[in-house]
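Asks: Got a file for you: upload_2.txt, compact mmCIF, C-alpha atoms.
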```txt
# COMPACT_ATOMS: atom_id res chain seq x y z
CA MET A 1 13.43 13.76 7.17
CA LYS A 2 12.06 14.40 3.68
CA VAL A 3 12.90 11.67 1.16
CA VAL A 4 12.98 12.44 -2.56
CA LEU A 5 13.03 9.75 -5.22
CA ASP A 6 13.99 11.45 -8.47
CA HIS A 7 13.35 9.37 -11.60
CA LEU A 8 14.50 6.24 -9.79
CA THR A 9 14.98 3.23 -12.07
CA LYS A 10 16.32 -0.27 -11.43
CA ILE A 11 16.93 -2.69 -14.31
CA TYR A 12 18.17 -6.24 -13.75
CA PRO A 13 20.04 -8.15 -16.46
CA PRO A 14 18.72 -11.59 -17.43
CA ARG A 15 20.06 -14.47 -15.31
CA ASN A 16 20.70 -16.53 -18.43
CA LYS A 17 19.87 -16.61 -22.11
CA LYS A 18 16.66 -18.56 -21.54
CA ASP A 19 15.23 -15.80 -19.31
CA GLY A 20 14.97 -13.40 -22.22
CA GLY A 21 15.49 -9.65 -21.90
CA PHE A 22 16.28 -7.23 -19.11
CA VAL A 23 13.81 -6.82 -16.25
CA THR A 24 12.74 -3.34 -15.15
CA ALA A 25 11.92 -3.75 -11.45
CA VAL A 26 11.41 -0.01 -10.79
CA ASN A 27 10.54 2.30 -13.65
CA ASP A 28 11.10 6.07 -13.40
CA PHE A 29 9.78 6.39 -9.83
CA CYS A 30 9.27 10.03 -8.84
CA PHE A 31 7.97 10.92 -5.40
CA GLU A 32 8.66 13.30 -2.54
CA ILE A 33 7.92 11.74 0.84
CA PRO A 34 7.10 14.52 3.30
CA ASP A 35 8.98 14.76 6.58
CA GLY A 36 7.44 12.77 9.44
CA LYS A 37 4.85 10.91 7.36
CA LEU A 38 4.06 7.18 7.16
CA ILE A 39 3.91 6.14 3.52
CA GLY A 40 2.68 2.78 2.24
CA LEU A 41 4.09 1.12 -0.88
CA LEU A 42 1.25 -1.11 -2.00
CA GLY A 43 0.98 -3.61 -4.79
CA PRO A 44 0.99 -7.30 -5.76
CA SER A 45 4.06 -9.52 -5.53
CA GLY A 46 6.68 -8.57 -8.09
CA CYS A 47 5.49 -4.98 -8.53
CA GLY A 48 8.79 -3.44 -7.35
CA LYS A 49 7.89 -2.22 -3.87
CA SER A 50 10.59 -4.18 -1.99
CA THR A 51 13.16 -3.24 -4.64
CA THR A 52 12.24 0.42 -4.09
CA LEU A 53 12.79 -0.05 -0.35
CA ASN A 54 16.17 -1.70 -0.99
CA LEU A 55 17.18 1.21 -3.21
CA ILE A 56 16.30 3.70 -0.48
CA SER A 57 18.22 1.68 2.13
CA GLY A 58 21.28 1.29 -0.09
CA LEU A 59 21.07 -2.50 -0.36
CA GLU A 60 20.51 -2.03 -4.11
CA THR A 61 22.13 0.47 -6.48
CA PRO A 62 19.84 2.30 -8.95
CA THR A 63 20.42 1.97 -12.66
CA SER A 64 19.53 5.66 -12.94
CA GLY A 65 17.96 8.42 -10.89
CA ARG A 66 18.83 9.98 -7.53
CA ILE A 67 17.80 9.56 -3.89
CA PHE A 68 17.80 12.49 -1.46
CA PHE A 69 17.39 12.58 2.31
CA GLY A 70 16.51 16.23 2.83
CA LYS A 71 19.11 18.05 0.71
CA ASP A 72 21.67 15.25 1.00
CA ASP A 73 22.22 13.11 -2.10
CA VAL A 74 22.59 9.60 -0.65
CA THR A 75 22.49 7.71 -3.96
CA GLU A 76 26.10 6.55 -3.70
CA LEU A 77 26.25 6.44 0.12
CA PRO A 78 26.79 2.99 1.75
CA PRO A 79 23.81 1.64 3.72
CA GLU A 80 25.54 2.01 7.08
CA ASN A 81 26.03 5.73 6.50
CA ARG A 82 22.48 6.59 5.41
CA GLY A 83 20.90 6.60 8.86
CA VAL A 84 18.13 4.15 8.03
CA GLY A 85 16.44 1.57 10.23
CA LEU A 86 15.29 -1.53 8.37
CA VAL A 87 12.79 -4.11 9.63
CA PHE A 88 12.55 -7.33 7.62
CA GLN A 89 9.64 -9.68 7.06
CA ASN A 90 11.40 -12.56 8.85
CA TYR A 91 12.58 -10.43 11.83
CA ALA A 92 16.29 -11.36 11.24
CA LEU A 93 17.07 -11.59 14.96
CA TYR A 94 20.24 -13.24 16.27
CA PRO A 95 18.98 -16.47 17.89
CA HIS A 96 21.91 -16.83 20.33
CA MET A 97 21.48 -13.30 21.69
CA THR A 98 19.05 -11.98 24.29
CA VAL A 99 16.56 -9.22 23.52
CA MET A 100 18.92 -6.70 25.14
CA GLN A 101 21.84 -7.90 23.02
CA ASN A 102 19.79 -7.87 19.82
CA ILE A 103 18.67 -4.29 20.41
CA THR A 104 22.10 -2.97 21.44
CA PHE A 105 23.90 -4.69 18.54
CA PRO A 106 23.61 -1.73 16.10
CA LEU A 107 25.02 0.59 18.79
CA GLU A 108 28.15 -1.52 19.18
CA ASN A 109 29.29 -0.54 15.68
CA LEU A 110 29.30 3.19 16.44
CA LYS A 111 32.76 4.74 16.31
CA GLY A 112 34.54 7.95 17.22
CA ALA A 113 32.46 10.64 18.88
CA ASP A 114 29.31 8.51 18.52
CA LYS A 115 30.76 5.55 20.45
CA LEU A 116 28.73 4.69 23.59
CA SER A 117 29.56 2.98 26.84
CA LYS A 118 27.85 -0.28 27.78
CA GLU A 119 25.64 1.58 30.26
CA GLN A 120 24.61 4.13 27.62
CA MET A 121 23.78 1.38 25.12
CA GLU A 122 21.64 -0.49 27.63
CA GLU A 123 19.86 2.72 28.56
CA LYS A 124 19.02 3.43 24.92
CA ALA A 125 17.96 -0.21 24.40
CA LEU A 126 15.62 -0.05 27.39
CA GLU A 127 14.13 3.18 26.06
CA ALA A 128 13.48 1.57 22.66
CA ALA A 129 12.05 -1.55 24.34
CA LYS A 130 9.63 0.55 26.37
CA MET A 131 8.48 2.20 23.18
CA VAL A 132 7.39 -1.18 21.80
CA GLN A 133 6.32 -2.49 25.22
CA ILE A 134 8.79 -5.38 25.61
CA GLU A 135 10.89 -3.97 28.48
CA LYS A 136 10.05 -7.00 30.66
CA LEU A 137 11.47 -9.45 28.11
CA MET A 138 15.05 -8.16 27.90
CA ASP A 139 16.66 -11.40 29.13
CA ARG A 140 14.77 -13.73 26.80
CA LYS A 141 16.07 -15.16 23.55
CA PRO A 142 14.02 -15.11 20.31
CA SER A 143 13.07 -18.80 20.62
CA GLN A 144 11.32 -18.01 23.92
CA MET A 145 9.08 -15.36 22.35
CA SER A 146 5.97 -15.23 20.18
CA GLY A 147 6.06 -13.96 16.61
CA GLY A 148 4.55 -10.64 17.64
CA GLN A 149 7.13 -10.16 20.39
CA GLN A 150 9.97 -10.99 17.99
CA GLN A 151 8.64 -8.41 15.55
CA ARG A 152 8.66 -5.80 18.31
CA VAL A 153 12.29 -6.64 19.07
CA ALA A 154 13.12 -6.08 15.38
CA ILE A 155 11.35 -2.71 15.45
CA ALA A 156 13.14 -1.69 18.68
CA ARG A 157 16.49 -2.62 17.12
CA ALA A 158 15.71 -0.45 14.12
CA LEU A 159 14.64 2.48 16.32
CA VAL A 160 17.48 2.39 18.84
CA LYS A 161 19.83 4.38 16.55
CA ARG A 162 17.14 7.02 16.04
CA PRO A 163 17.30 6.62 12.24
CA ARG A 164 16.50 9.41 9.85
CA VAL A 165 14.21 7.05 7.92
CA LEU A 166 12.47 3.84 9.06
CA LEU A 167 11.89 1.17 6.41
CA LEU A 168 9.45 -1.70 7.04
CA ASP A 169 9.44 -4.56 4.54
CA GLU A 170 6.16 -6.52 4.98
CA PRO A 171 6.69 -6.61 8.76
CA LEU A 172 3.32 -8.18 9.59
CA SER A 173 2.96 -10.94 7.02
CA ASN A 174 4.21 -13.69 9.38
CA LEU A 175 1.72 -12.84 12.13
CA ASP A 176 -1.78 -14.18 12.67
CA ALA A 177 -4.82 -11.93 12.08
CA ARG A 178 -5.17 -10.66 15.65
CA LEU A 179 -1.45 -9.97 16.06
CA ARG A 180 -1.36 -8.18 12.70
CA LEU A 181 -4.09 -5.82 13.84
CA GLN A 182 -2.41 -5.17 17.18
CA THR A 183 1.08 -4.73 15.73
CA ARG A 184 0.02 -2.37 12.96
CA GLU A 185 -1.65 -0.16 15.56
CA GLU A 186 1.61 -0.21 17.53
CA ILE A 187 3.59 0.75 14.43
CA ARG A 188 1.30 3.71 13.87
CA ARG A 189 1.58 4.79 17.52
CA ILE A 190 5.37 4.52 17.50
CA GLN A 191 5.65 6.44 14.24
CA LYS A 192 3.54 9.27 15.59
CA GLU A 193 5.49 9.38 18.86
CA THR A 194 8.90 9.44 17.17
CA GLY A 195 7.97 11.51 14.11
CA ILE A 196 10.36 9.41 11.99
CA THR A 197 9.63 9.35 8.27
CA THR A 198 8.49 5.78 7.67
CA ILE A 199 8.02 3.72 4.51
CA PHE A 200 5.87 0.63 4.90
CA VAL A 201 5.87 -2.05 2.19
CA THR A 202 2.85 -4.35 2.03
CA HIS A 203 0.62 -6.25 -0.39
CA ASP A 204 -2.24 -6.03 2.13
CA GLN A 205 -4.48 -3.12 1.17
CA GLU A 206 -6.24 -3.13 4.54
CA GLU A 207 -2.91 -2.59 6.33
CA ALA A 208 -1.91 0.18 3.96
CA MET A 209 -5.23 2.02 4.16
CA SER A 210 -5.61 1.75 7.93
CA ILE A 211 -2.32 3.25 9.20
CA THR A 212 -0.64 5.23 6.42
CA ASP A 213 -0.83 8.94 5.66
CA MET A 214 -0.45 8.26 1.94
CA ILE A 215 -0.24 5.20 -0.28
CA VAL A 216 1.68 4.56 -3.48
CA VAL A 217 0.00 1.89 -5.62
CA MET A 218 2.50 0.06 -7.86
CA GLU A 219 2.17 -2.37 -10.74
CA ALA A 220 4.97 -3.96 -12.79
CA GLY A 221 7.58 -1.51 -11.49
CA SER A 222 5.55 1.60 -12.22
CA VAL A 223 3.54 3.93 -10.00
CA ARG A 224 -0.17 3.78 -10.83
CA GLN A 225 -1.50 6.27 -8.27
CA ILE A 226 -0.40 8.25 -5.22
CA GLY A 227 -2.73 9.81 -2.67
CA HIS A 228 -4.40 9.62 0.70
CA PRO A 229 -5.86 6.13 1.28
CA GLN A 230 -9.54 7.15 1.15
CA GLU A 231 -8.87 9.42 -1.80
CA VAL A 232 -7.34 6.57 -3.82
CA TYR A 233 -10.24 4.28 -2.88
CA GLU A 234 -12.91 6.82 -3.83
CA ASP A 235 -11.16 8.21 -6.90
CA PRO A 236 -9.21 5.43 -8.70
CA LYS A 237 -7.49 6.74 -11.81
CA ASN A 238 -7.47 3.42 -13.64
CA LEU A 239 -8.98 -0.05 -13.54
CA PHE A 240 -5.96 -1.67 -11.86
CA VAL A 241 -6.18 0.64 -8.84
CA ALA A 242 -9.96 0.21 -8.63
CA LYS A 243 -9.61 -3.60 -8.63
CA PHE A 244 -6.69 -3.70 -6.20
CA LEU A 245 -8.33 -1.61 -3.46
CA GLY A 246 -11.48 -2.68 -1.69
CA THR A 247 -12.81 -5.70 0.24
CA PRO A 248 -14.88 -7.29 -1.17
CA ALA A 249 -13.34 -6.39 -4.51
CA ILE A 250 -15.03 -4.07 -6.96
CA ASN A 251 -17.45 -5.72 -9.43
CA VAL A 252 -16.29 -5.21 -13.02
CA PHE A 253 -18.65 -5.41 -16.00
CA GLU A 254 -18.24 -5.16 -19.75
CA GLY A 255 -20.41 -2.27 -20.86
CA ARG A 256 -20.88 0.52 -23.35
CA ILE A 257 -21.82 4.16 -23.58
CA SER A 258 -24.55 4.78 -26.14
CA GLY A 259 -26.71 7.87 -26.63
CA GLY A 260 -25.59 9.42 -23.35
CA LYS A 261 -26.49 6.32 -21.32
CA LEU A 262 -24.29 3.73 -19.62
CA TYR A 263 -25.32 0.17 -20.51
CA ILE A 264 -24.60 -3.21 -18.95
CA GLY A 265 -26.01 -5.54 -21.59
CA ASP A 266 -29.45 -4.11 -22.43
CA ASP A 267 -29.81 -2.36 -19.05
CA ALA A 268 -29.23 1.42 -19.04
CA VAL A 269 -27.94 1.84 -15.49
CA MET A 270 -27.27 5.61 -15.45
CA ASP A 271 -26.55 8.71 -17.52
CA ALA A 272 -23.13 8.93 -19.19
CA PRO A 273 -22.44 12.20 -21.02
CA ALA A 274 -19.54 10.89 -23.13
CA PRO A 275 -18.95 9.70 -26.70
CA ASP A 276 -20.32 6.28 -27.65
CA GLN A 277 -17.76 3.55 -26.92
CA GLU A 278 -17.10 0.17 -25.34
CA VAL A 279 -16.04 0.49 -21.69
CA TRP A 280 -15.31 -1.30 -18.43
CA ILE A 281 -17.70 -0.50 -15.59
CA GLY A 282 -16.66 -0.92 -11.95
CA ILE A 283 -19.28 -0.87 -9.19
CA ARG A 284 -18.18 -1.04 -5.56
CA PRO A 285 -20.09 -3.59 -3.41
CA GLU A 286 -21.66 -0.70 -1.48
CA GLY A 287 -22.70 0.97 -4.77
CA PHE A 288 -25.81 -1.16 -5.30
CA ILE A 289 -29.33 -0.11 -4.20
CA PRO A 290 -31.94 -2.91 -4.26
CA ALA A 291 -35.07 -1.58 -5.99
CA ALA A 292 -38.08 -3.34 -7.47
CA ASP A 293 -37.83 -1.19 -10.59
CA GLY A 294 -34.01 -0.92 -10.63
CA PRO A 295 -32.46 -0.84 -14.12
CA LEU A 296 -29.76 -3.49 -13.48
CA ARG A 297 -31.16 -7.03 -13.56
CA CYS A 298 -29.21 -9.90 -11.99
CA ARG A 299 -29.90 -13.52 -11.14
CA LEU A 300 -30.14 -13.99 -7.38
CA ARG A 301 -27.91 -16.73 -5.98
CA GLY A 302 -27.96 -16.13 -2.25
CA VAL A 303 -28.26 -13.72 0.67
CA GLU A 304 -25.83 -13.65 3.61
CA VAL A 305 -26.73 -11.64 6.71
CA MET A 306 -23.57 -10.50 8.52
CA GLY A 307 -24.73 -8.48 11.52
CA ARG A 308 -25.12 -4.88 10.44
CA ASP A 309 -24.63 -5.71 6.74
CA THR A 310 -26.22 -8.05 4.24
CA SER A 311 -24.33 -9.48 1.29
CA ILE A 312 -26.38 -10.20 -1.82
CA ILE A 313 -24.74 -12.73 -4.13
CA SER A 314 -25.94 -12.57 -7.72
CA GLU A 315 -24.86 -13.20 -11.31
CA ASN A 316 -24.82 -11.25 -14.54
CA ASP A 317 -23.53 -12.49 -17.90
CA HIS A 318 -21.55 -9.28 -18.42
CA CYS A 319 -19.66 -9.42 -15.12
CA GLN A 320 -15.97 -10.38 -15.26
CA SER A 321 -16.27 -12.67 -12.23
CA ASP A 322 -18.67 -15.55 -11.65
CA THR A 323 -20.54 -13.74 -8.88
CA ILE A 324 -21.45 -10.20 -7.91
CA ARG A 325 -21.24 -9.17 -4.27
CA SER A 326 -23.45 -6.30 -3.16
CA ILE A 327 -23.24 -4.97 0.41
CA ILE A 328 -26.40 -3.36 1.79
CA SER A 329 -27.80 -2.53 5.22
CA SER A 330 -29.27 -5.52 7.08
CA GLU A 331 -32.39 -3.39 7.64
CA ILE A 332 -33.24 -3.84 3.96
CA ARG A 333 -35.17 -7.05 3.33
CA VAL A 334 -34.49 -9.13 0.23
CA ASP A 335 -36.82 -11.82 -1.08
CA ARG A 336 -34.57 -14.90 -0.95
CA ASN A 337 -37.03 -16.91 -3.07
CA SER A 338 -37.03 -14.55 -6.02
CA PRO A 339 -35.02 -15.71 -9.07
CA GLU A 340 -34.06 -12.14 -9.87
CA VAL A 341 -32.79 -9.10 -7.97
CA ARG A 342 -32.81 -5.60 -9.44
CA PHE A 343 -30.52 -2.73 -8.53
CA ALA A 344 -30.12 0.96 -9.02
CA VAL A 345 -26.47 2.07 -8.77
CA LYS A 346 -24.85 4.94 -6.89
CA PRO A 347 -23.06 7.24 -9.35
CA ASN A 348 -20.33 8.04 -6.78
CA ARG A 349 -19.52 4.32 -6.43
CA THR A 350 -19.71 3.52 -10.13
CA TYR A 351 -16.57 4.04 -12.21
CA VAL A 352 -16.16 3.89 -15.98
CA PHE A 353 -12.87 3.07 -17.70
CA GLU A 354 -11.70 3.15 -21.29
CA LYS A 355 -11.72 -0.29 -22.88
CA GLU A 356 -8.15 -0.31 -24.20
CA SER A 357 -6.15 1.97 -21.88
CA THR A 358 -8.28 1.14 -18.78
CA GLU A 359 -7.90 4.80 -17.72
CA ARG A 360 -10.83 6.43 -15.91
CA ILE A 361 -13.50 8.33 -17.84
CA TYR A 362 -14.84 11.29 -15.86
CA PHE A 363 -18.33 12.65 -16.38
CA GLY A 364 -19.55 16.20 -15.90
CA TRP A 365 -20.65 15.80 -12.28
CA GLU A 366 -17.43 14.04 -11.21
CA THR A 367 -14.57 16.18 -9.97
CA PRO A 368 -11.21 14.44 -9.68
CA TYR A 369 -9.35 15.06 -6.44
CA SER A 370 -7.00 18.03 -6.76
CA PRO A 371 -3.31 17.57 -5.95
CA ASN A 372 -2.51 18.66 -2.41
CA GLU A 373 0.61 20.01 -0.80
CA ASP A 374 1.68 16.69 0.72
CA ALA A 375 1.28 14.71 -2.49
CA PRO A 376 4.05 16.26 -4.62
CA SER A 377 4.34 15.54 -8.30
CA CYS A 378 7.34 14.33 -10.24
CA ALA A 379 8.18 17.93 -11.09
CA GLY A 380 8.53 18.70 -7.40
CA SER A 381 11.12 15.95 -7.08
CA GLY A 382 13.14 17.37 -9.94
CA GLU A 383 13.17 20.82 -8.38
CA ALA A 384 14.37 19.39 -5.09
CA ALA A 385 17.18 17.59 -6.86
CA ALA A 386 18.20 20.73 -8.70
CA GLN A 387 18.33 22.67 -5.44
CA ALA A 388 20.55 19.99 -4.00
CA GLY A 389 22.98 20.45 -6.85
CA ALA A 390 22.31 17.42 -9.02
CA GLY A 391 19.65 16.79 -11.62
CA PRO A 392 18.27 13.43 -12.64
CA THR A 393 20.69 11.16 -14.42
CA LYS A 394 20.04 9.84 -17.89
CA ALA A 395 18.92 6.23 -17.98
CA THR A 396 21.80 3.90 -18.74
CA GLU A 397 21.58 1.36 -21.50
CA ALA A 398 20.60 -2.04 -20.21
```
Kindly transcribe the structure held in the file into structure tokens.

Replies:
Amino acid sequence: MKVVLDHLTKIYPPRNKKDGGFVTAVNDFCFEIPDGKLIGLLGPSGCGKSTTLNLISGLETPTSGRIFFGKDDVTELPPENRGVGLVFQNYALYPHMTVMQNITFPLENLKGADKLSKEQMEEKALEAAKMVQIEKLMDRKPSQMSGGQQQRVAIARALVKRPRVLLLDEPLSNLDARLRLQTREEIRRIQKETGITTIFVTHDQEEAMSITDMIVVMEAGSVRQIGHPQEVYEDPKNLFVAKFLGTPAINVFEGRISGGKLYIGDDAVMDAPAPDQEVWIGIRPEGFIPAADGPLRCRLRGVEVMGRDTSIISENDHCQSDTIRSIISSEIRVDRNSPEVRFAVKPNRTYVFEKESTERIYFGWETPYSPNEDAPSCAGSGEAAAQAGAGPTKATEA
């Protein structure tokens, strides 16, 4: 099921006079989610990703804009009639019910031609349980299960109705590291098996990049970038996206472009065919090359060998953070006793951003990723809405 968000906006009024003005939780969100894809909404707390999910599910009403499932305008449709499955962060299981009863509960509310017998409900529940590999736990209650097993029950309950759209609101945040890894792999497997269009909300970039087909990076209610996970990592459009994606985080320096060269302090680290200006420079940890005659000079603070990789910890007065982390192959030897380490930088892992707007500056040899057919633009959403018989609504006054 294709999902179209057409100029979706949600504005909350202030709770009281002391809170100040209106709060825009989601600001003019335009996106067409392709049928059968797993999309990640990624961003820090308070960026609007859960509000977007609640708007899609019908738990929240948009201030303006439209929501389409295929060609159906569901903007005004009650949640129970949208055909969505919703999995919450805290599982939201009924503690007095068994696994079987929790899973069959949504089926008990079906009416008319959709109404099922007890045998049919149990058959569907067992099918959903097998999908998440908990079929042997059907008689247990939530208190008798681990966090990972409870999360699987919540997913089975969401899947049992065969929803048109599956919505996952930070479903792994309550699990330990090993269970998170295992459960996210299960989510990906289930999504591929069922082919259900799935929207996955998370603040964990590793989760989003590892299992999603596309990610939507959000900040302060607005979309900052949409694309395939590796594409967004390799081609950030602005400083926020560059800083949010990547572990360890990107190293950010104050720098300048002067005479066709990119400078960090007095060190000309590479060519920069652009007008002279003050800039931000982002260098990924893997973008450093130790070299005796490298142009970037840093004070060496430590070397950590981590199996196949070595982490060089250094300092530079022009770096935003206290330390610089550089990841290199463990085959490369670094003199731990030297007070200084020098680097050359990889142009394809070095990004330059305008000082004020923080938007990316592209040089002649850099080619931005081209839009692809499964990353539609805002215009595509508008066309879909027009075909469905309703254009975007004008924003209401807050």

Asks: Up to 9 Å from (-30.1, -10.9, 8.3) in the file's coordinates: name the residues, counting all atoms listed in the file, as an MDAnalysis selection string.

Replies: chainID A and resid 303:310 330:333

Asks: For Gly227 (chain A), which of A:Gly40, A:Gly282, A:Pro347, A:Gly58 is the closest residue, counting only C-alpha atoms?

Replies: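 Nearest candidate to Gly227 (chain A) out of A:Gly40, A:Gly282, A:Pro347, A:Gly58: A:Gly40.
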
Asks: When you look at Ser50 (chain A) with a cut-off of 9 Å (counting all atoms listed in the file), what residues show up, excluding the ones that are within fewer than 5 positions of it in the same chain? I need them as a list in words.

Replies: Leu41, Leu55, Asp169, Glu170, Val201 and Thr202 of chain A

Asks: For the atom pair CA of Leu110 (chain A) and CA of Ala158 (chain A), what is the interatomic distance in Å to one decimal place?

Replies: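 If I compute the distance from CA of Leu110 (chain A) to CA of Ala158 (chain A), I get 14.3 Å.
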
Asks: Pick out the residues sitting within 12 Å of Thr75 (chain A), and hand them over as a PyMOL selection string; count all atoms listed in the file, and ignore anything fewer than 6 positions along from it in its own chain.

Replies: chain A and resi 3-6+8-9+54-69+81-82+385+390+392-393

Asks: What is the CA of Gly195 (chain A)-CA of Gln149 (chain A) distance in Å, reported with one decimal?

Replies: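 The value is 22.6 Å.
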
Asks: May I have the protein, DNA and RNA residues with any atom at most 10 Å from the point (-14.1, 0.1, -20.9), counting all atoms listed in the file, written as number ranges by chain?

Replies: A: 239, 252-257, 277-282, 351-361

Asks: Export C-alpha atoms of the chosen residues as a PDB file, keeping the file's coordinate frame?

Replies:
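So again.pdb came out as:
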```
ATOM      1  CA  LEU A 239      -8.980  -0.050 -13.540  1.00  0.00           C
ATOM      2  CA  VAL A 252     -16.290  -5.210 -13.020  1.00  0.00           C
ATOM      3  CA  PHE A 253     -18.650  -5.410 -16.000  1.00  0.00           C
ATOM      4  CA  GLU A 254     -18.240  -5.160 -19.750  1.00  0.00           C
ATOM      5  CA  GLY A 255     -20.410  -2.270 -20.860  1.00  0.00           C
ATOM      6  CA  ARG A 256     -20.880   0.520 -23.350  1.00  0.00           C
ATOM      7  CA  ILE A 257     -21.820   4.160 -23.580  1.00  0.00           C
ATOM      8  CA  GLN A 277     -17.760   3.550 -26.920  1.00  0.00           C
ATOM      9  CA  GLU A 278     -17.100   0.170 -25.340  1.00  0.00           C
ATOM     10  CA  VAL A 279     -16.040   0.490 -21.690  1.00  0.00           C
ATOM     11  CA  TRP A 280     -15.310  -1.300 -18.430  1.00  0.00           C
ATOM     12  CA  ILE A 281     -17.700  -0.500 -15.590  1.00  0.00           C
ATOM     13  CA  GLY A 282     -16.660  -0.920 -11.950  1.00  0.00           C
ATOM     14  CA  TYR A 351     -16.570   4.040 -12.210  1.00  0.00           C
ATOM     15  CA  VAL A 352     -16.160   3.890 -15.980  1.00  0.00           C
ATOM     16  CA  PHE A 353     -12.870   3.070 -17.700  1.00  0.00           C
ATOM     17  CA  GLU A 354     -11.700   3.150 -21.290  1.00  0.00           C
ATOM     18  CA  LYS A 355     -11.720  -0.290 -22.880  1.00  0.00           C
ATOM     19  CA  GLU A 356      -8.150  -0.310 -24.200  1.00  0.00           C
ATOM     20  CA  SER A 357      -6.150   1.970 -21.880  1.00  0.00           C
ATOM     21  CA  THR A 358      -8.280   1.140 -18.780  1.00  0.00           C
ATOM     22  CA  GLU A 359      -7.900   4.800 -17.720  1.00  0.00           C
ATOM     23  CA  ARG A 360     -10.830   6.430 -15.910  1.00  0.00           C
ATOM     24  CA  ILE A 361     -13.500   8.330 -17.840  1.00  0.00           C
TER      25      ILE A 361
END
```

Asks: Between A:Asn238, A:Leu181, A:Glu186, A:Ser173, which residue has the minimum interatomic distance to Arg152 (chain A), considering all atoms listed in the file?

Replies: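 Comparing A:Asn238, A:Leu181, A:Glu186, A:Ser173 against Arg152 (chain A), the winner is A:Glu186.
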
Asks: May I ask which of the residues A:Met1, A:Ile283, A:Met131, A:Met138 is the closest one to Val84 (chain A), counting all atoms listed in the file?

Replies: A:Met1

Asks: Between CA of Thr350 (chain A) and CA of Ile328 (chain A), measure the distance and give it in Å to one decimal.

Replies: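 For CA of Thr350 (chain A) relative to CA of Ile328 (chain A), the distance reads 15.3 Å.
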
Asks: Which one of A:Val132, A:Val26, A:Ile250, A:Ala268 sits closest to Ser326 (chain A) if you count all atoms listed in the file?

Replies: A:Ile250

Asks: Report the centre and edge lengths, in Å to one decimal, of an axis-aligned box enclosing every atom of region 331-334 of chain A listed in the file, padded by 3 Å on each side, as lines of an AutoDock Vina configuration file.

Replies:
```
center_x = -33.8
center_y = -6.3
center_z = 3.9
size_x = 8.8
size_y = 11.7
size_z = 13.4
```

Asks: Near Leu167 (chain A), counting only C-alpha atoms, which residues have an atom at most 6 Å away, once you skip same-chain residues fewer than 2 positions from it, shown as a list in words?

Replies: Gly85, Leu86, Thr198 and Ile199 of chain A
